[in-house]
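*Asks:* Handing you this structure, nothing more for now.
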Amino acid sequence: MMTHEQARQAFMTLIDSFDYLDQSLIFTQNQKMGNDQPFEPPEHGLWCEVSIQNAPSFIASIGNKPCTRTVGNLIIQCFERLNNDTVELTKLADAWIEHLQFKQISHLEILQGSVINVGRVGDFLQGKSGDFYQFNVIFEYRIN
């Protein structure tokens, strides 16, 4: 059985091996920055925010003891400053799908990826300044 922490570590290993975008431009949930300052989006170019969203667990089978399965979504929010077209965002989303779709590490299975065009997002974006255009790349996953 894989724990939630083991699954988080497996996700982070995969995220850390993504080389389409510099790792300094990929922010993970509640990440402490090296300089103890909050993450600041770049003035130009792409950046991402990654979060793991578990759904309720359920009993998948009963043998000697119940086997609990957790499902959820890995959500990668991809951003670009406004008025820069969506070509680079689309390429970035495709790169995430190529990198993560149908991967399996131990008892973690990452399933299909989807790209959702969220559109324009502004200053309400978790205190980050500026206006952005956003795509979400969402992967369903299951643990155990």
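In the structure tokens, each chain is lettered A, B, ... as it comes, each chain's residues begin at 1, and ligands are numbered from 1 in order of appearance.
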Residues at most 12 Å from Ala55 in chain A, counting only C-alpha atoms, excluding those fewer than 3 positions away in the same chain, as a PDB file with all heavy atoms, in the first residue's frame?

*Replies:*
ATOM      1  N   HIS A   4      -0.113   8.498   1.323  1.00  0.00           N
ATOM      2  CA  HIS A   4      -0.255   9.781   0.644  1.00  0.00           C
ATOM      3  C   HIS A   4       1.095  10.480   0.512  1.00  0.00           C
ATOM      4  O   HIS A   4       1.375  11.125  -0.507  1.00  0.00           O
ATOM      5  CB  HIS A   4      -1.254  10.677   1.392  1.00  0.00           C
ATOM      6  CG  HIS A   4      -2.657  10.193   1.264  1.00  0.00           C
ATOM      7  ND1 HIS A   4      -3.277   9.472   2.233  1.00  0.00           N
ATOM      8  CD2 HIS A   4      -3.547  10.314   0.258  1.00  0.00           C
ATOM      9  CE1 HIS A   4      -4.499   9.171   1.843  1.00  0.00           C
ATOM     10  NE2 HIS A   4      -4.683   9.674   0.647  1.00  0.00           N
ATOM     11  N   ILE A  52      -1.854  18.862  -5.859  1.00  0.00           N
ATOM     12  CA  ILE A  52      -2.368  17.499  -5.792  1.00  0.00           C
ATOM     13  C   ILE A  52      -3.668  17.561  -5.009  1.00  0.00           C
ATOM     14  O   ILE A  52      -3.688  18.009  -3.864  1.00  0.00           O
ATOM     15  CB  ILE A  52      -1.368  16.569  -5.080  1.00  0.00           C
ATOM     16  CG1 ILE A  52      -0.009  16.592  -5.791  1.00  0.00           C
ATOM     17  CG2 ILE A  52      -1.921  15.151  -4.983  1.00  0.00           C
ATOM     18  CD1 ILE A  52       1.122  16.015  -4.962  1.00  0.00           C
ATOM     19  N   PHE A  58     -11.805   5.049  -0.958  1.00  0.00           N
ATOM     20  CA  PHE A  58     -12.870   4.047  -0.871  1.00  0.00           C
ATOM     21  C   PHE A  58     -12.227   2.673  -0.793  1.00  0.00           C
ATOM     22  O   PHE A  58     -11.048   2.495  -1.121  1.00  0.00           O
ATOM     23  CB  PHE A  58     -13.834   4.152  -2.064  1.00  0.00           C
ATOM     24  CG  PHE A  58     -13.174   3.945  -3.405  1.00  0.00           C
ATOM     25  CD1 PHE A  58     -13.119   2.680  -3.991  1.00  0.00           C
ATOM     26  CD2 PHE A  58     -12.608   5.011  -4.088  1.00  0.00           C
ATOM     27  CE1 PHE A  58     -12.516   2.495  -5.219  1.00  0.00           C
ATOM     28  CE2 PHE A  58     -12.004   4.838  -5.327  1.00  0.00           C
ATOM     29  CZ  PHE A  58     -11.954   3.582  -5.891  1.00  0.00           C
ATOM     30  N   ARG A  69      -8.369   2.589  -1.801  1.00  0.00           N
ATOM     31  CA  ARG A  69      -7.879   3.278  -2.998  1.00  0.00           C
ATOM     32  C   ARG A  69      -8.240   4.754  -2.881  1.00  0.00           C
ATOM     33  O   ARG A  69      -9.324   5.112  -2.451  1.00  0.00           O
ATOM     34  CB  ARG A  69      -8.519   2.687  -4.244  1.00  0.00           C
ATOM     35  CG  ARG A  69      -8.038   3.365  -5.528  1.00  0.00           C
ATOM     36  CD  ARG A  69      -8.380   2.566  -6.746  1.00  0.00           C
ATOM     37  NE  ARG A  69      -7.627   1.328  -6.719  1.00  0.00           N
ATOM     38  CZ  ARG A  69      -8.021   0.173  -7.270  1.00  0.00           C
ATOM     39  NH1 ARG A  69      -9.171   0.105  -7.899  1.00  0.00           N
ATOM     40  NH2 ARG A  69      -7.281  -0.892  -7.195  1.00  0.00           N
ATOM     41  N   THR A  70      -7.287   5.592  -3.242  1.00  0.00           N
ATOM     42  CA  THR A  70      -7.517   7.030  -3.285  1.00  0.00           C
ATOM     43  C   THR A  70      -7.434   7.471  -4.738  1.00  0.00           C
ATOM     44  O   THR A  70      -6.549   7.048  -5.471  1.00  0.00           O
ATOM     45  CB  THR A  70      -6.453   7.783  -2.456  1.00  0.00           C
ATOM     46  OG1 THR A  70      -6.543   7.349  -1.106  1.00  0.00           O
ATOM     47  CG2 THR A  70      -6.656   9.284  -2.516  1.00  0.00           C
ATOM     48  N   VAL A  71      -8.362   8.308  -5.135  1.00  0.00           N
ATOM     49  CA  VAL A  71      -8.329   8.895  -6.471  1.00  0.00           C
ATOM     50  C   VAL A  71      -8.221  10.403  -6.309  1.00  0.00           C
ATOM     51  O   VAL A  71      -8.402  10.940  -5.219  1.00  0.00           O
ATOM     52  CB  VAL A  71      -9.583   8.520  -7.289  1.00  0.00           C
ATOM     53  CG1 VAL A  71      -9.622   7.030  -7.554  1.00  0.00           C
ATOM     54  CG2 VAL A  71     -10.852   8.980  -6.590  1.00  0.00           C
ATOM     55  N   GLY A  72      -7.923  11.077  -7.383  1.00  0.00           N
ATOM     56  CA  GLY A  72      -7.841  12.531  -7.314  1.00  0.00           C
ATOM     57  C   GLY A  72      -7.377  13.119  -8.619  1.00  0.00           C
ATOM     58  O   GLY A  72      -7.344  12.438  -9.657  1.00  0.00           O
ATOM     59  N   ASN A  73      -7.006  14.386  -8.543  1.00  0.00           N
ATOM     60  CA  ASN A  73      -6.523  15.119  -9.711  1.00  0.00           C
ATOM     61  C   ASN A  73      -5.201  15.792  -9.405  1.00  0.00           C
ATOM     62  O   ASN A  73      -5.049  16.395  -8.339  1.00  0.00           O
ATOM     63  CB  ASN A  73      -7.518  16.205 -10.124  1.00  0.00           C
ATOM     64  CG  ASN A  73      -8.789  15.642 -10.701  1.00  0.00           C
ATOM     65  OD1 ASN A  73      -8.769  14.772 -11.550  1.00  0.00           O
ATOM     66  ND2 ASN A  73      -9.911  16.132 -10.228  1.00  0.00           N
ATOM     67  N   LEU A  74      -4.284  15.667 -10.327  1.00  0.00           N
ATOM     68  CA  LEU A  74      -3.064  16.469 -10.324  1.00  0.00           C
ATOM     69  C   LEU A  74      -3.381  17.645 -11.240  1.00  0.00           C
ATOM     70  O   LEU A  74      -3.707  17.454 -12.418  1.00  0.00           O
ATOM     71  CB  LEU A  74      -1.878  15.671 -10.859  1.00  0.00           C
ATOM     72  CG  LEU A  74      -0.581  16.446 -11.038  1.00  0.00           C
ATOM     73  CD1 LEU A  74      -0.044  16.907  -9.692  1.00  0.00           C
ATOM     74  CD2 LEU A  74       0.450  15.608 -11.770  1.00  0.00           C
ATOM     75  N   GLU A 140      -6.147  12.779 -13.990  1.00  0.00           N
ATOM     76  CA  GLU A 140      -6.736  11.929 -12.973  1.00  0.00           C
ATOM     77  C   GLU A 140      -5.673  10.937 -12.530  1.00  0.00           C
ATOM     78  O   GLU A 140      -4.787  10.561 -13.300  1.00  0.00           O
ATOM     79  CB  GLU A 140      -7.943  11.191 -13.533  1.00  0.00           C
ATOM     80  CG  GLU A 140      -9.100  12.118 -13.869  1.00  0.00           C
ATOM     81  CD  GLU A 140     -10.307  11.356 -14.382  1.00  0.00           C
ATOM     82  OE1 GLU A 140     -10.468  10.158 -14.057  1.00  0.00           O
ATOM     83  OE2 GLU A 140     -11.092  11.979 -15.116  1.00  0.00           O
ATOM     84  N   TYR A 141      -5.739  10.537 -11.273  1.00  0.00           N
ATOM     85  CA  TYR A 141      -4.799   9.527 -10.769  1.00  0.00           C
ATOM     86  C   TYR A 141      -5.490   8.640  -9.759  1.00  0.00           C
ATOM     87  O   TYR A 141      -6.569   8.943  -9.255  1.00  0.00           O
ATOM     88  CB  TYR A 141      -3.551  10.173 -10.166  1.00  0.00           C
ATOM     89  CG  TYR A 141      -3.798  10.931  -8.891  1.00  0.00           C
ATOM     90  CD1 TYR A 141      -3.847  10.295  -7.659  1.00  0.00           C
ATOM     91  CD2 TYR A 141      -3.989  12.313  -8.918  1.00  0.00           C
ATOM     92  CE1 TYR A 141      -4.093  10.999  -6.497  1.00  0.00           C
ATOM     93  CE2 TYR A 141      -4.223  13.022  -7.753  1.00  0.00           C
ATOM     94  CZ  TYR A 141      -4.271  12.363  -6.553  1.00  0.00           C
ATOM     95  OH  TYR A 141      -4.511  13.054  -5.407  1.00  0.00           O
ATOM     96  N   ARG A 142      -4.842   7.512  -9.498  1.00  0.00           N
ATOM     97  CA  ARG A 142      -5.307   6.641  -8.424  1.00  0.00           C
ATOM     98  C   ARG A 142      -4.089   6.082  -7.690  1.00  0.00           C
ATOM     99  O   ARG A 142      -3.041   5.836  -8.302  1.00  0.00           O
ATOM    100  CB  ARG A 142      -6.250   5.560  -8.919  1.00  0.00           C
ATOM    101  CG  ARG A 142      -5.696   4.610  -9.912  1.00  0.00           C
ATOM    102  CD  ARG A 142      -6.759   3.588 -10.331  1.00  0.00           C
ATOM    103  NE  ARG A 142      -6.309   2.901 -11.524  1.00  0.00           N
ATOM    104  CZ  ARG A 142      -7.035   2.755 -12.627  1.00  0.00           C
ATOM    105  NH1 ARG A 142      -8.254   3.230 -12.686  1.00  0.00           N
ATOM    106  NH2 ARG A 142      -6.545   2.127 -13.660  1.00  0.00           N
ATOM    107  N   ILE A 143      -4.290   5.893  -6.402  1.00  0.00           N
ATOM    108  CA  ILE A 143      -3.257   5.333  -5.535  1.00  0.00           C
ATOM    109  C   ILE A 143      -3.803   4.025  -4.987  1.00  0.00           C
ATOM    110  O   ILE A 143      -4.904   3.980  -4.436  1.00  0.00           O
ATOM    111  CB  ILE A 143      -2.930   6.280  -4.359  1.00  0.00           C
ATOM    112  CG1 ILE A 143      -2.523   7.661  -4.868  1.00  0.00           C
ATOM    113  CG2 ILE A 143      -1.851   5.683  -3.479  1.00  0.00           C
ATOM    114  CD1 ILE A 143      -2.485   8.717  -3.777  1.00  0.00           C
TER     115      ILE A 143
END

*Asks:* Would you list, as a PDB file with N, CA and C atoms, in the first residue's frame, the residues of range 5-49 of chain A that end up in strand (DSSP E or B) under DSSP run on this structure's backbone?

*Replies:*
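Final output, part_3.pdb:
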ATOM      1  N   ILE A  26       8.313  26.614 -11.778  1.00  0.00           N
ATOM      2  CA  ILE A  26       7.270  25.651 -11.409  1.00  0.00           C
ATOM      3  C   ILE A  26       7.111  25.714  -9.899  1.00  0.00           C
ATOM      4  N   PHE A  27       5.969  26.221  -9.465  1.00  0.00           N
ATOM      5  CA  PHE A  27       5.674  26.417  -8.052  1.00  0.00           C
ATOM      6  C   PHE A  27       4.755  25.301  -7.588  1.00  0.00           C
ATOM      7  N   THR A  28       5.122  24.615  -6.503  1.00  0.00           N
ATOM      8  CA  THR A  28       4.272  23.553  -5.977  1.00  0.00           C
ATOM      9  C   THR A  28       3.553  24.050  -4.732  1.00  0.00           C
ATOM     10  N   TRP A  47       4.935  30.211 -16.610  1.00  0.00           N
ATOM     11  CA  TRP A  47       5.192  29.651 -15.291  1.00  0.00           C
ATOM     12  C   TRP A  47       4.021  28.764 -14.915  1.00  0.00           C
ATOM     13  N   CYS A  48       4.229  27.897 -13.924  1.00  0.00           N
ATOM     14  CA  CYS A  48       3.205  26.925 -13.542  1.00  0.00           C
ATOM     15  C   CYS A  48       3.067  26.823 -12.031  1.00  0.00           C
ATOM     16  N   GLU A  49       1.880  26.433 -11.618  1.00  0.00           N
ATOM     17  CA  GLU A  49       1.617  26.114 -10.219  1.00  0.00           C
ATOM     18  C   GLU A  49       0.983  24.722 -10.185  1.00  0.00           C
TER      19      GLU A  49
END

*Asks:* Would you kindly return, as a short mmCIF file (atom, residue, chain, number, x, y, z; two decimals) with N, CA and C atoms, in the first residue's frame, each protein, DNA or RNA residue with an atom no farther than 7 Å from any atom of Gln134 in chain A, considering only C-alpha atoms and excluding same-chain residues fewer than 5 positions away?

*Replies:*
data_model
loop_
_atom_site.label_atom_id
_atom_site.label_comp_id
_atom_site.auth_asym_id
_atom_site.auth_seq_id
_atom_site.Cartn_x
_atom_site.Cartn_y
_atom_site.Cartn_z
N GLN A 77 -1.55 24.38 -13.21
CA GLN A 77 -2.04 25.64 -13.74
C GLN A 77 -0.88 26.30 -14.47
N CYS A 78 -1.06 26.59 -15.76
CA CYS A 78 -0.02 27.18 -16.59
C CYS A 78 -0.42 28.61 -16.93
N PHE A 79 0.52 29.53 -16.82
CA PHE A 79 0.24 30.95 -16.99
C PHE A 79 1.20 31.61 -17.97
N GLU A 80 0.69 32.63 -18.63
CA GLU A 80 1.46 33.50 -19.50
C GLU A 80 0.86 34.90 -19.34
N ASN A 117 -8.87 25.51 -21.19
CA ASN A 117 -8.56 26.92 -21.43
C ASN A 117 -9.38 27.74 -20.42
N VAL A 118 -8.74 28.20 -19.36
CA VAL A 118 -9.42 28.97 -18.32
C VAL A 118 -9.64 30.40 -18.78
N GLY A 119 -8.67 30.93 -19.53
CA GLY A 119 -8.79 32.30 -20.02
C GLY A 119 -8.06 33.28 -19.13
N ARG A 120 -8.52 34.51 -19.17
CA ARG A 120 -7.87 35.60 -18.44
C ARG A 120 -8.13 35.49 -16.94
N VAL A 121 -7.09 35.62 -16.15
CA VAL A 121 -7.20 35.68 -14.69
C VAL A 121 -6.40 36.90 -14.25
#

*Asks:* List every residue of chain A that DSSP, applied to the backbone of this structure, places in helix (DSSP H, G or I), and write the result as a ChimeraX atom specification.

*Replies:* /A:4-16,23-25,87-100

*Asks:* Residues near Ile116 in chain A, anyone? I mean within 10 Å using only C-alpha atoms, not counting same-chain ones fewer than 4 positions away, as a PDB file with C-alpha atoms, in the first residue's frame.

*Replies:*
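Produced file selection-v8.pdb, reproduced below:
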ATOM      1  CA  GLN A  77      -2.040  25.643 -13.739  1.00  0.00           C
ATOM      2  CA  ALA A  93       0.354  21.905 -21.901  1.00  0.00           C
ATOM      3  CA  GLN A 134      -4.317  30.477 -17.905  1.00  0.00           C
ATOM      4  CA  PHE A 135      -4.522  26.886 -19.118  1.00  0.00           C
ATOM      5  CA  ASN A 136      -5.087  24.038 -16.661  1.00  0.00           C
ATOM      6  CA  VAL A 137      -3.603  20.629 -17.362  1.00  0.00           C
ATOM      7  CA  ILE A 138      -5.486  18.093 -15.265  1.00  0.00           C
TER       8      ILE A 138
END

*Asks:* Pick out the closest residue to Asn84 in chain A from this set: A:His44, A:Phe18, A:His107, A:Asn30. Count only C-alpha atoms.

*Replies:*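 Going through A:His44, A:Phe18, A:His107, A:Asn30 one by one, the smallest distance to Asn84 in chain A is for A:His44.
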
*Asks:* Using CA of Leu108 in chain A and CA of Ala7 in chain A as the two end points, give the distance in Å to one decimal.

*Replies:* 6.4 Å

*Asks:* With only C-alpha atoms as the basis for distance, which of A:Ile62, A:Ile110, A:Val115, A:Leu92 is at the shortest distance from Asp19 in chain A?

*Replies:* A:Leu92

*Asks:* Could you tell me how far CA of Asp94 in chain A sits from CA of Ser17 in chain A, in Å to one decimal place?

*Replies:*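 According to the coordinates, CA of Ser17 in chain A and CA of Asp94 in chain A are separated by 15.6 Å.
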
*Asks:* Work out how far apart CA of Phe132 in chain A and CA of Asp16 in chain A are and give it in Å to one decimal.

*Replies:*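 Result for CA of Phe132 in chain A versus CA of Asp16 in chain A: 23.9 Å, one decimal.
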